[in-house]
file final24.txt (compact mmCIF, N, CA and C atoms and all ligand atoms)
# COMPACT_ATOMS: atom_id res chain seq x y z
N MET A 1 5.66 -11.71 -12.31
CA MET A 1 6.43 -11.39 -13.54
C MET A 1 5.57 -10.55 -14.49
N GLN A 2 6.14 -9.45 -14.98
CA GLN A 2 5.40 -8.61 -15.91
C GLN A 2 6.07 -8.61 -17.27
N GLU A 3 5.32 -8.28 -18.31
CA GLU A 3 5.86 -8.27 -19.67
C GLU A 3 6.00 -6.82 -20.14
N LYS A 4 7.13 -6.54 -20.75
CA LYS A 4 7.49 -5.18 -21.13
C LYS A 4 6.41 -4.52 -22.00
N ASP A 5 5.93 -5.24 -23.02
CA ASP A 5 5.05 -4.61 -24.00
C ASP A 5 3.56 -4.88 -23.78
N CYS A 6 3.24 -5.56 -22.69
CA CYS A 6 1.82 -5.90 -22.46
C CYS A 6 1.06 -4.68 -21.94
N LEU A 7 -0.08 -4.39 -22.58
CA LEU A 7 -0.88 -3.21 -22.21
C LEU A 7 -1.27 -3.24 -20.74
N PHE A 8 -1.77 -4.39 -20.25
CA PHE A 8 -2.24 -4.43 -18.86
C PHE A 8 -1.05 -4.39 -17.88
N CYS A 9 0.08 -4.98 -18.24
CA CYS A 9 1.27 -4.85 -17.38
C CYS A 9 1.67 -3.38 -17.29
N LYS A 10 1.56 -2.65 -18.41
CA LYS A 10 1.89 -1.21 -18.39
C LYS A 10 0.92 -0.46 -17.48
N ILE A 11 -0.36 -0.82 -17.53
CA ILE A 11 -1.35 -0.18 -16.65
C ILE A 11 -1.02 -0.48 -15.19
N ILE A 12 -0.69 -1.74 -14.90
CA ILE A 12 -0.35 -2.13 -13.52
C ILE A 12 0.88 -1.35 -13.04
N ARG A 13 1.84 -1.15 -13.93
CA ARG A 13 3.06 -0.40 -13.55
C ARG A 13 2.83 1.11 -13.49
N GLY A 14 1.64 1.55 -13.93
CA GLY A 14 1.33 2.98 -13.91
C GLY A 14 1.91 3.74 -15.10
N GLU A 15 2.36 3.01 -16.12
CA GLU A 15 2.94 3.67 -17.31
C GLU A 15 1.84 4.18 -18.25
N ILE A 16 0.65 3.57 -18.11
CA ILE A 16 -0.53 4.02 -18.86
C ILE A 16 -1.60 4.31 -17.81
N PRO A 17 -2.30 5.46 -17.94
CA PRO A 17 -3.29 5.78 -16.91
C PRO A 17 -4.48 4.84 -16.93
N SER A 18 -5.08 4.66 -15.76
CA SER A 18 -6.30 3.85 -15.68
C SER A 18 -7.17 4.41 -14.57
N ALA A 19 -8.46 4.09 -14.64
CA ALA A 19 -9.39 4.47 -13.58
C ALA A 19 -9.46 3.30 -12.61
N LYS A 20 -8.55 3.30 -11.63
CA LYS A 20 -8.43 2.17 -10.69
C LYS A 20 -9.64 2.08 -9.78
N VAL A 21 -10.11 0.85 -9.56
CA VAL A 21 -11.18 0.66 -8.57
C VAL A 21 -10.71 -0.18 -7.39
N TYR A 22 -9.64 -0.97 -7.58
CA TYR A 22 -9.18 -1.87 -6.50
C TYR A 22 -7.76 -2.32 -6.79
N GLU A 23 -7.00 -2.48 -5.70
CA GLU A 23 -5.64 -3.04 -5.86
C GLU A 23 -5.26 -3.75 -4.58
N ASP A 24 -4.63 -4.92 -4.71
CA ASP A 24 -3.98 -5.54 -3.56
C ASP A 24 -2.67 -6.15 -4.05
N GLU A 25 -2.06 -7.00 -3.24
CA GLU A 25 -0.73 -7.54 -3.58
C GLU A 25 -0.75 -8.31 -4.91
N HIS A 26 -1.88 -8.95 -5.19
CA HIS A 26 -1.94 -9.87 -6.33
C HIS A 26 -2.75 -9.37 -7.51
N VAL A 27 -3.64 -8.40 -7.26
CA VAL A 27 -4.69 -8.07 -8.23
C VAL A 27 -4.76 -6.56 -8.47
N TYR A 28 -5.08 -6.18 -9.71
CA TYR A 28 -5.35 -4.78 -10.05
C TYR A 28 -6.68 -4.76 -10.80
N ALA A 29 -7.54 -3.80 -10.49
CA ALA A 29 -8.84 -3.71 -11.18
C ALA A 29 -9.10 -2.26 -11.55
N PHE A 30 -9.67 -2.07 -12.74
CA PHE A 30 -9.88 -0.72 -13.29
C PHE A 30 -11.05 -0.74 -14.25
N LEU A 31 -11.53 0.47 -14.60
CA LEU A 31 -12.67 0.54 -15.51
C LEU A 31 -12.24 0.24 -16.94
N ASP A 32 -13.07 -0.54 -17.63
CA ASP A 32 -12.87 -0.77 -19.06
C ASP A 32 -13.10 0.53 -19.80
N ILE A 33 -12.20 0.85 -20.72
CA ILE A 33 -12.26 2.13 -21.44
C ILE A 33 -13.43 2.17 -22.43
N ALA A 34 -13.93 1.00 -22.82
CA ALA A 34 -15.08 0.91 -23.74
C ALA A 34 -16.14 0.00 -23.12
N PRO A 35 -16.81 0.51 -22.09
CA PRO A 35 -17.68 -0.35 -21.28
C PRO A 35 -18.95 -0.81 -21.98
N GLY A 36 -19.39 -2.02 -21.63
CA GLY A 36 -20.73 -2.47 -22.03
C GLY A 36 -21.74 -1.51 -21.41
N PHE A 37 -21.57 -1.23 -20.14
CA PHE A 37 -22.32 -0.21 -19.41
C PHE A 37 -21.36 0.48 -18.45
N PRO A 38 -21.63 1.73 -18.05
CA PRO A 38 -20.75 2.41 -17.11
C PRO A 38 -20.56 1.56 -15.83
N GLY A 39 -19.33 1.50 -15.37
CA GLY A 39 -19.01 0.68 -14.19
C GLY A 39 -18.39 -0.66 -14.57
N HIS A 40 -18.39 -0.99 -15.86
CA HIS A 40 -17.76 -2.22 -16.37
C HIS A 40 -16.29 -2.23 -15.98
N CYS A 41 -15.90 -3.23 -15.20
CA CYS A 41 -14.53 -3.30 -14.67
C CYS A 41 -13.75 -4.45 -15.28
N LEU A 42 -12.44 -4.34 -15.24
CA LEU A 42 -11.54 -5.42 -15.61
C LEU A 42 -10.72 -5.79 -14.38
N VAL A 43 -10.69 -7.07 -14.05
CA VAL A 43 -9.94 -7.54 -12.88
C VAL A 43 -8.81 -8.41 -13.40
N VAL A 44 -7.56 -8.03 -13.07
CA VAL A 44 -6.41 -8.74 -13.67
C VAL A 44 -5.41 -9.13 -12.59
N PRO A 45 -4.77 -10.29 -12.75
CA PRO A 45 -3.68 -10.64 -11.84
C PRO A 45 -2.47 -9.77 -12.16
N LYS A 46 -1.70 -9.42 -11.13
CA LYS A 46 -0.50 -8.60 -11.38
C LYS A 46 0.56 -9.40 -12.13
N ASN A 47 0.59 -10.70 -11.91
CA ASN A 47 1.52 -11.54 -12.66
C ASN A 47 1.00 -11.76 -14.07
N HIS A 48 1.83 -11.48 -15.06
CA HIS A 48 1.39 -11.64 -16.44
C HIS A 48 1.16 -13.12 -16.76
N CYS A 49 0.01 -13.42 -17.33
CA CYS A 49 -0.19 -14.72 -17.99
C CYS A 49 -1.24 -14.49 -19.07
N ARG A 50 -1.24 -15.40 -20.05
CA ARG A 50 -2.00 -15.14 -21.28
C ARG A 50 -3.50 -15.35 -21.12
N ASN A 51 -3.87 -16.46 -20.49
CA ASN A 51 -5.30 -16.79 -20.46
C ASN A 51 -5.63 -17.70 -19.27
N ILE A 52 -6.84 -18.18 -19.23
CA ILE A 52 -7.32 -18.95 -18.08
C ILE A 52 -6.59 -20.29 -17.95
N LEU A 53 -6.05 -20.80 -19.05
CA LEU A 53 -5.32 -22.07 -19.00
C LEU A 53 -3.92 -21.88 -18.43
N ASP A 54 -3.46 -20.67 -18.47
CA ASP A 54 -2.08 -20.31 -18.18
C ASP A 54 -1.90 -19.89 -16.72
N ILE A 55 -3.00 -19.46 -16.09
CA ILE A 55 -2.88 -18.82 -14.78
C ILE A 55 -2.69 -19.89 -13.69
N ASP A 56 -1.78 -19.61 -12.76
CA ASP A 56 -1.59 -20.46 -11.59
C ASP A 56 -2.90 -20.46 -10.80
N PRO A 57 -3.42 -21.64 -10.42
CA PRO A 57 -4.70 -21.68 -9.70
C PRO A 57 -4.70 -20.82 -8.43
N LYS A 58 -3.55 -20.69 -7.79
CA LYS A 58 -3.51 -19.85 -6.57
C LYS A 58 -3.72 -18.38 -6.94
N GLU A 59 -3.13 -17.98 -8.09
CA GLU A 59 -3.35 -16.60 -8.58
C GLU A 59 -4.83 -16.42 -8.94
N ALA A 60 -5.38 -17.45 -9.57
CA ALA A 60 -6.79 -17.40 -9.98
C ALA A 60 -7.68 -17.21 -8.76
N GLU A 61 -7.30 -17.85 -7.65
CA GLU A 61 -8.08 -17.70 -6.42
C GLU A 61 -8.09 -16.23 -5.96
N HIS A 62 -6.93 -15.60 -6.03
CA HIS A 62 -6.87 -14.18 -5.64
C HIS A 62 -7.77 -13.33 -6.55
N VAL A 63 -7.75 -13.66 -7.84
CA VAL A 63 -8.56 -12.88 -8.79
C VAL A 63 -10.05 -13.09 -8.50
N VAL A 64 -10.43 -14.33 -8.25
CA VAL A 64 -11.85 -14.61 -7.99
C VAL A 64 -12.29 -13.94 -6.68
N ARG A 65 -11.42 -13.97 -5.68
CA ARG A 65 -11.76 -13.27 -4.41
C ARG A 65 -11.96 -11.78 -4.66
N ALA A 66 -11.12 -11.21 -5.53
CA ALA A 66 -11.27 -9.78 -5.86
C ALA A 66 -12.58 -9.55 -6.60
N VAL A 67 -12.92 -10.43 -7.52
CA VAL A 67 -14.21 -10.30 -8.24
C VAL A 67 -15.36 -10.31 -7.22
N GLN A 68 -15.25 -11.18 -6.21
CA GLN A 68 -16.31 -11.26 -5.19
C GLN A 68 -16.40 -9.98 -4.36
N LYS A 69 -15.29 -9.28 -4.21
CA LYS A 69 -15.32 -7.99 -3.48
C LYS A 69 -15.85 -6.88 -4.36
N ILE A 70 -15.39 -6.86 -5.62
CA ILE A 70 -15.65 -5.71 -6.49
C ILE A 70 -17.08 -5.74 -7.03
N ALA A 71 -17.58 -6.92 -7.42
CA ALA A 71 -18.89 -6.97 -8.08
C ALA A 71 -20.01 -6.37 -7.21
N PRO A 72 -20.08 -6.70 -5.90
CA PRO A 72 -21.14 -6.06 -5.10
C PRO A 72 -20.99 -4.53 -5.04
N ALA A 73 -19.73 -4.07 -5.07
CA ALA A 73 -19.49 -2.62 -5.06
C ALA A 73 -19.95 -1.98 -6.36
N VAL A 74 -19.72 -2.68 -7.47
CA VAL A 74 -20.18 -2.18 -8.78
C VAL A 74 -21.71 -2.07 -8.77
N ILE A 75 -22.35 -3.11 -8.24
CA ILE A 75 -23.82 -3.12 -8.19
C ILE A 75 -24.33 -1.93 -7.37
N LYS A 76 -23.73 -1.74 -6.20
CA LYS A 76 -24.19 -0.63 -5.33
C LYS A 76 -23.94 0.72 -5.99
N ALA A 77 -22.76 0.87 -6.58
CA ALA A 77 -22.37 2.18 -7.13
C ALA A 77 -23.15 2.54 -8.38
N THR A 78 -23.59 1.52 -9.14
CA THR A 78 -24.25 1.80 -10.43
C THR A 78 -25.76 1.62 -10.36
N GLY A 79 -26.26 1.02 -9.28
CA GLY A 79 -27.69 0.73 -9.21
C GLY A 79 -28.07 -0.46 -10.08
N ALA A 80 -27.07 -1.28 -10.43
CA ALA A 80 -27.36 -2.47 -11.26
C ALA A 80 -28.13 -3.51 -10.44
N GLU A 81 -28.75 -4.45 -11.17
CA GLU A 81 -29.53 -5.51 -10.51
C GLU A 81 -28.82 -6.85 -10.58
N GLY A 82 -27.75 -6.91 -11.37
CA GLY A 82 -26.98 -8.14 -11.53
C GLY A 82 -25.71 -7.81 -12.28
N PHE A 83 -24.94 -8.84 -12.57
CA PHE A 83 -23.70 -8.60 -13.33
C PHE A 83 -23.29 -9.88 -14.04
N ASN A 84 -22.57 -9.70 -15.14
CA ASN A 84 -21.93 -10.83 -15.82
C ASN A 84 -20.45 -10.79 -15.54
N VAL A 85 -19.87 -11.97 -15.33
CA VAL A 85 -18.42 -12.11 -15.33
C VAL A 85 -18.08 -12.77 -16.66
N VAL A 86 -17.30 -12.06 -17.47
CA VAL A 86 -16.97 -12.54 -18.82
C VAL A 86 -15.46 -12.67 -18.91
N GLN A 87 -15.02 -13.75 -19.54
CA GLN A 87 -13.57 -14.00 -19.59
C GLN A 87 -13.27 -14.63 -20.94
N ASN A 88 -12.66 -13.85 -21.82
CA ASN A 88 -12.42 -14.29 -23.20
C ASN A 88 -11.03 -14.91 -23.35
N ASN A 89 -10.95 -16.02 -24.07
CA ASN A 89 -9.68 -16.70 -24.29
C ASN A 89 -9.43 -16.88 -25.78
N GLU A 90 -8.39 -16.22 -26.25
CA GLU A 90 -7.93 -16.28 -27.64
C GLU A 90 -8.82 -15.44 -28.56
N GLU A 91 -8.21 -15.09 -29.69
CA GLU A 91 -8.81 -14.14 -30.63
C GLU A 91 -10.21 -14.57 -31.08
N ALA A 92 -10.36 -15.87 -31.35
CA ALA A 92 -11.65 -16.37 -31.86
C ALA A 92 -12.77 -16.12 -30.86
N ALA A 93 -12.40 -16.02 -29.58
CA ALA A 93 -13.40 -15.81 -28.52
C ALA A 93 -13.48 -14.35 -28.11
N GLY A 94 -12.81 -13.49 -28.87
CA GLY A 94 -12.93 -12.05 -28.59
C GLY A 94 -11.84 -11.48 -27.72
N GLN A 95 -10.82 -12.30 -27.37
CA GLN A 95 -9.74 -11.75 -26.54
C GLN A 95 -8.89 -10.80 -27.38
N THR A 96 -8.72 -9.58 -26.88
CA THR A 96 -7.92 -8.59 -27.60
C THR A 96 -6.67 -8.19 -26.82
N VAL A 97 -6.71 -8.39 -25.51
CA VAL A 97 -5.53 -8.12 -24.68
C VAL A 97 -5.10 -9.45 -24.07
N PHE A 98 -3.86 -9.85 -24.36
CA PHE A 98 -3.44 -11.21 -24.02
C PHE A 98 -2.72 -11.25 -22.66
N HIS A 99 -3.41 -10.68 -21.69
CA HIS A 99 -3.08 -10.76 -20.26
C HIS A 99 -4.42 -11.11 -19.62
N VAL A 100 -4.50 -12.28 -19.02
CA VAL A 100 -5.80 -12.80 -18.58
C VAL A 100 -6.55 -11.75 -17.74
N HIS A 101 -7.85 -11.65 -17.98
CA HIS A 101 -8.66 -10.68 -17.25
C HIS A 101 -10.10 -11.13 -17.20
N PHE A 102 -10.77 -10.68 -16.14
CA PHE A 102 -12.20 -10.96 -15.95
C PHE A 102 -12.96 -9.65 -16.07
N HIS A 103 -13.94 -9.62 -16.95
CA HIS A 103 -14.83 -8.46 -17.05
C HIS A 103 -15.93 -8.61 -16.00
N ILE A 104 -16.24 -7.52 -15.31
CA ILE A 104 -17.47 -7.47 -14.49
C ILE A 104 -18.36 -6.44 -15.16
N ILE A 105 -19.50 -6.90 -15.68
CA ILE A 105 -20.39 -6.01 -16.44
C ILE A 105 -21.71 -5.85 -15.67
N PRO A 106 -21.99 -4.63 -15.19
CA PRO A 106 -23.25 -4.43 -14.46
C PRO A 106 -24.45 -4.55 -15.40
N ARG A 107 -25.51 -5.15 -14.89
CA ARG A 107 -26.69 -5.40 -15.74
C ARG A 107 -27.98 -4.97 -15.05
N LYS A 108 -28.91 -4.54 -15.90
CA LYS A 108 -30.27 -4.24 -15.43
C LYS A 108 -31.24 -5.02 -16.30
N LYS A 109 -32.39 -5.38 -15.74
CA LYS A 109 -33.42 -6.08 -16.52
C LYS A 109 -33.77 -5.25 -17.75
N GLY A 110 -33.83 -5.92 -18.91
CA GLY A 110 -34.26 -5.24 -20.13
C GLY A 110 -33.21 -4.29 -20.69
N ASP A 111 -31.94 -4.45 -20.29
CA ASP A 111 -30.91 -3.51 -20.79
C ASP A 111 -30.48 -3.81 -22.22
N GLY A 112 -30.95 -4.95 -22.77
CA GLY A 112 -30.74 -5.21 -24.20
C GLY A 112 -29.42 -5.88 -24.55
N MET A 113 -28.57 -6.15 -23.57
CA MET A 113 -27.30 -6.79 -23.92
C MET A 113 -27.50 -8.32 -24.06
N ASN A 114 -27.01 -8.87 -25.18
CA ASN A 114 -27.06 -10.32 -25.39
C ASN A 114 -25.65 -10.86 -25.46
N LEU A 115 -25.30 -11.77 -24.55
CA LEU A 115 -23.92 -12.29 -24.56
C LEU A 115 -23.73 -13.37 -25.61
N TRP A 116 -24.78 -14.13 -25.93
CA TRP A 116 -24.69 -15.06 -27.05
C TRP A 116 -26.08 -15.31 -27.59
N THR A 117 -26.09 -15.82 -28.85
CA THR A 117 -27.35 -16.17 -29.49
C THR A 117 -27.54 -17.67 -29.34
N PRO A 118 -28.55 -18.12 -28.62
CA PRO A 118 -28.73 -19.56 -28.43
C PRO A 118 -28.94 -20.27 -29.77
N SER A 119 -28.31 -21.46 -29.91
CA SER A 119 -28.56 -22.30 -31.10
C SER A 119 -29.11 -23.63 -30.58
N SER A 120 -28.96 -24.72 -31.35
CA SER A 120 -29.50 -25.99 -30.88
C SER A 120 -28.70 -27.13 -31.50
N TYR A 121 -28.85 -28.34 -30.95
CA TYR A 121 -28.27 -29.54 -31.57
C TYR A 121 -29.28 -30.12 -32.55
N ASP A 122 -28.76 -30.78 -33.61
CA ASP A 122 -29.66 -31.38 -34.60
C ASP A 122 -30.50 -32.49 -33.97
N SER A 123 -29.93 -33.16 -32.95
CA SER A 123 -30.65 -34.27 -32.30
C SER A 123 -30.06 -34.49 -30.91
N MET A 124 -30.78 -35.26 -30.08
CA MET A 124 -30.26 -35.61 -28.76
C MET A 124 -29.01 -36.49 -28.89
N GLU A 125 -28.99 -37.31 -29.98
CA GLU A 125 -27.82 -38.17 -30.22
C GLU A 125 -26.57 -37.32 -30.46
N LYS A 126 -26.75 -36.28 -31.28
CA LYS A 126 -25.64 -35.38 -31.59
C LYS A 126 -25.13 -34.71 -30.30
N MET A 127 -26.06 -34.34 -29.44
CA MET A 127 -25.68 -33.69 -28.17
C MET A 127 -24.89 -34.68 -27.31
N ALA A 128 -25.39 -35.92 -27.21
CA ALA A 128 -24.69 -36.95 -26.41
C ALA A 128 -23.31 -37.24 -27.00
N GLU A 129 -23.23 -37.29 -28.33
CA GLU A 129 -21.95 -37.54 -29.01
C GLU A 129 -20.94 -36.43 -28.69
N THR A 130 -21.42 -35.20 -28.66
CA THR A 130 -20.54 -34.06 -28.35
C THR A 130 -20.04 -34.16 -26.91
N ALA A 131 -20.93 -34.51 -26.00
CA ALA A 131 -20.53 -34.68 -24.59
C ALA A 131 -19.48 -35.78 -24.47
N GLN A 132 -19.69 -36.88 -25.19
CA GLN A 132 -18.75 -38.02 -25.17
C GLN A 132 -17.37 -37.59 -25.64
N LYS A 133 -17.36 -36.83 -26.75
CA LYS A 133 -16.08 -36.38 -27.34
C LYS A 133 -15.32 -35.52 -26.34
N ILE A 134 -16.05 -34.63 -25.65
CA ILE A 134 -15.39 -33.76 -24.67
C ILE A 134 -14.87 -34.59 -23.50
N GLN A 135 -15.72 -35.50 -23.01
CA GLN A 135 -15.30 -36.37 -21.89
C GLN A 135 -14.01 -37.09 -22.22
N ALA A 136 -13.91 -37.58 -23.45
CA ALA A 136 -12.75 -38.38 -23.87
C ALA A 136 -11.47 -37.54 -23.91
N GLU A 137 -11.62 -36.22 -24.03
CA GLU A 137 -10.43 -35.34 -24.13
C GLU A 137 -9.98 -34.79 -22.78
N ILE A 138 -10.78 -35.02 -21.73
CA ILE A 138 -10.43 -34.43 -20.44
C ILE A 138 -9.28 -35.20 -19.79
N ARG A 139 -8.23 -34.47 -19.40
CA ARG A 139 -7.02 -35.07 -18.81
C ARG A 139 -6.92 -34.70 -17.34
P1 LIG B 201 -10.92 -8.63 -24.17
O1 LIG B 201 -11.57 -8.22 -25.48
O2 LIG B 201 -11.68 -9.65 -23.39
O3 LIG B 201 -9.45 -9.01 -24.38
O4 LIG B 201 -10.95 -7.34 -23.27
C1 LIG B 201 -10.02 -6.32 -23.35
C2 LIG B 201 -10.71 -5.08 -22.86
O5 LIG B 201 -9.71 -4.11 -22.57
C3 LIG B 201 -11.66 -4.43 -23.87
O6 LIG B 201 -12.99 -4.47 -23.36
C4 LIG B 201 -11.13 -3.00 -24.00
O7 LIG B 201 -12.14 -2.04 -24.06
C5 LIG B 201 -10.29 -2.85 -22.75
N1 LIG B 201 -9.20 -1.89 -22.86
C6 LIG B 201 -8.30 -1.76 -23.87
N2 LIG B 201 -7.42 -0.77 -23.60
C7 LIG B 201 -7.77 -0.27 -22.38
C8 LIG B 201 -7.27 0.78 -21.55
N3 LIG B 201 -6.19 1.50 -21.91
N4 LIG B 201 -7.88 1.02 -20.38
C9 LIG B 201 -8.96 0.30 -20.02
N5 LIG B 201 -9.49 -0.70 -20.75
C10 LIG B 201 -8.91 -0.98 -21.92
ZN ZN B 202 0.68 -8.46 -18.95

call {"tool": "encode", "arguments": {"input": "final24.txt", "output": "structure tokens", "more": "lines below"}}
Ligand code: AMP
Ligand code: ZN
result
Amino acid sequence: MQEKDCLFCKIIRGEIPSAKVYEDEHVYAFLDIAPGFPGHCLVVPKNHCRNILDIDPKEAEHVVRAVQKIAPAVIKATGAEGFNVVQNNEEAAGQTVFHVHFHIIPRKKGDGMNLWTPSSYDSMEKMAETAQKIQAEIR
């Protein structure tokens, strides 16, 4: 199922141009227009869904299999030494396109990209309390 006004659904339908790197029955992958580094790809399920909580696990499997195919190709093509898979959910986490997608970002040692700034817990008790709270919410 695709959504009329969704940017990535439009790309999948070919209504908006993209630099395609891979396509199969379930998945479409293309270059990010504003890459962290050249070769930065977006891997998206053809079926529209909003985020990682929304995606059918079977669809997610197809997307992950595609990531496993594409990432080694990105590394070879760009001369990268590693890659990050980044997946943002909701505006607070940096999601700007609300069609679930996985970024593959090629990386080299010392390339200067920082995905997050490490912080710390005030105490080990606080850390254990946080783990407990999360455990209690898992359904
Ligand atoms: P996110 O911020 O995780 O939702 O990622 C959305 C990504 O889509 C951003 O990194 C954008 O640069 C990228 N993007 C937006 N429009 C296009 C487009 N027309 N073609 C390729 N990538 C795009
Ligand atoms: Zn969509």

call {"tool": "residues_around", "arguments": {"input": "final24.txt", "residues": "Phe8 in chain A", "least_positions_apart": "3", "cutoff": "7 Å", "atoms": "all atoms listed in the file", "output": "list in words"}}
result
Asp5, Ile11, Ile12, Arg13, Val97 and His99 of chain A

call {"tool": "select_by_dssp", "arguments": {"input": "final24.txt", "residues": "chain A", "states": "helix (DSSP H, G or I)", "output": "count of residues only"}}
result
46

call {"tool": "atom_distance", "arguments": {"input": "final24.txt", "atom1": "atom N of Asn88 in chain A", "atom2": "atom N of Ser123 in chain A"}}
result
28.2 Å

call {"tool": "residues_near_ligand", "arguments": {"input": "final24.txt", "ligand": "ligand ZN 202 (chain B)", "cutoff": "7 Å", "atoms": "only C-alpha atoms and all ligand atoms", "output": "MDAnalysis selection string"}}
result
chainID A and resid 2:3 6:9 48:49 99

call {"tool": "residues_near_ligand", "arguments": {"input": "final24.txt", "ligand": "ligand LIG 201 (chain B)", "cutoff": "12 Å", "atoms": "only C-alpha atoms and all ligand atoms", "output": "number ranges by chain"}}
result
A: 6-12, 14-21, 28-44, 50-52, 85-105

call {"tool": "atom_distance", "arguments": {"input": "final24.txt", "atom1": "atom N of Asp54 in chain A", "atom2": "atom N of Ile138 in chain A"}}
result
16.4 Å

call {"tool": "select_by_dssp", "arguments": {"input": "final24.txt", "residues": "chain A", "states": "strand (DSSP E)", "output": "VMD selection string"}}
result
chain A and resid 20 to 23 27 to 31 41 to 45 82 to 86 102 to 107

call {"tool": "closest_residue", "arguments": {"input": "final24.txt", "among": "A:Lys69, A:Lys4, A:Lys76, A:Arg139", "to": "Pro106 in chain A", "atoms": "only C-alpha atoms"}}
result
A:Lys76

call {"tool": "residues_around", "arguments": {"input": "final24.txt", "residues": "Glu59 in chain A", "least_positions_apart": "6", "cutoff": "8 Å", "atoms": "all atoms listed in the file", "output": "JSON, numbers by chain"}}
result
{"A": [26, 45, 46, 47, 65]}

call {"tool": "atom_distance", "arguments": {"input": "final24.txt", "atom1": "CA of Phe83 in chain A", "atom2": "CA of Lys108 in chain A"}}
result
8.2 Å

call {"tool": "decode", "arguments": {"input": "final24.txt", "residues": "range 56-110 of chain A", "atoms": "C-alpha atoms", "output": "mmCIF file, in the first residue's frame"}}
result
data_model
loop_
_atom_site.group_PDB
_atom_site.id
_atom_site.type_symbol
_atom_site.label_atom_id
_atom_site.label_comp_id
_atom_site.auth_asym_id
_atom_site.auth_seq_id
_atom_site.Cartn_x
_atom_site.Cartn_y
_atom_site.Cartn_z
ATOM 1 C CA ASP A 56 5.248 -5.746 9.476
ATOM 2 C CA PRO A 57 8.159 -7.904 10.740
ATOM 3 C CA LYS A 58 8.130 -9.852 7.453
ATOM 4 C CA GLU A 59 8.570 -6.567 5.557
ATOM 5 C CA ALA A 60 11.321 -5.611 7.995
ATOM 6 C CA GLU A 61 13.086 -8.870 7.151
ATOM 7 C CA HIS A 62 13.110 -7.958 3.464
ATOM 8 C CA VAL A 63 14.508 -4.522 4.301
ATOM 9 C CA VAL A 64 17.242 -5.953 6.529
ATOM 10 C CA ARG A 65 18.188 -8.497 3.844
ATOM 11 C CA ALA A 66 18.479 -5.608 1.379
ATOM 12 C CA VAL A 67 20.669 -3.674 3.839
ATOM 13 C CA GLN A 68 22.910 -6.757 4.045
ATOM 14 C CA LYS A 69 23.232 -6.780 0.239
ATOM 15 C CA ILE A 70 23.672 -3.046 -0.260
ATOM 16 C CA ALA A 71 26.066 -2.148 2.577
ATOM 17 C CA PRO A 72 28.981 -4.303 1.300
ATOM 18 C CA ALA A 73 28.433 -2.778 -2.159
ATOM 19 C CA VAL A 74 28.547 0.739 -0.686
ATOM 20 C CA ILE A 75 31.798 -0.133 1.083
ATOM 21 C CA LYS A 76 33.381 -1.498 -2.096
ATOM 22 C CA ALA A 77 32.164 1.355 -4.294
ATOM 23 C CA THR A 78 33.229 4.146 -1.924
ATOM 24 C CA GLY A 79 36.366 2.652 -0.376
ATOM 25 C CA ALA A 80 34.765 2.969 3.064
ATOM 26 C CA GLU A 81 36.056 0.944 6.029
ATOM 27 C CA GLY A 82 32.713 0.560 7.798
ATOM 28 C CA PHE A 83 29.171 1.857 7.835
ATOM 29 C CA ASN A 84 26.417 2.982 10.171
ATOM 30 C CA VAL A 85 22.828 1.868 9.839
ATOM 31 C CA VAL A 86 20.716 4.719 11.203
ATOM 32 C CA GLN A 87 16.959 4.634 11.594
ATOM 33 C CA ASN A 88 15.147 7.664 13.001
ATOM 34 C CA ASN A 89 11.675 7.444 14.552
ATOM 35 C CA GLU A 90 9.546 10.563 15.046
ATOM 36 C CA GLU A 91 10.470 14.222 14.838
ATOM 37 C CA ALA A 92 12.269 14.343 18.200
ATOM 38 C CA ALA A 93 14.666 11.692 16.896
ATOM 39 C CA GLY A 94 15.312 13.496 13.620
ATOM 40 C CA GLN A 95 12.764 11.740 11.395
ATOM 41 C CA THR A 96 11.787 14.104 8.596
ATOM 42 C CA VAL A 97 10.198 11.681 6.127
ATOM 43 C CA PHE A 98 7.455 9.603 7.716
ATOM 44 C CA HIS A 99 7.923 6.483 5.600
ATOM 45 C CA VAL A 100 10.186 4.107 7.507
ATOM 46 C CA HIS A 101 13.727 3.989 6.140
ATOM 47 C CA PHE A 102 17.201 2.799 7.021
ATOM 48 C CA HIS A 103 20.206 4.999 6.298
ATOM 49 C CA ILE A 104 23.434 3.260 5.267
ATOM 50 C CA ILE A 105 26.258 5.735 5.885
ATOM 51 C CA PRO A 106 29.755 4.795 4.681
ATOM 52 C CA ARG A 107 32.478 5.556 7.213
ATOM 53 C CA LYS A 108 36.239 5.913 7.337
ATOM 54 C CA LYS A 109 38.465 6.095 10.412
ATOM 55 C CA GLY A 110 38.851 9.700 11.544
#
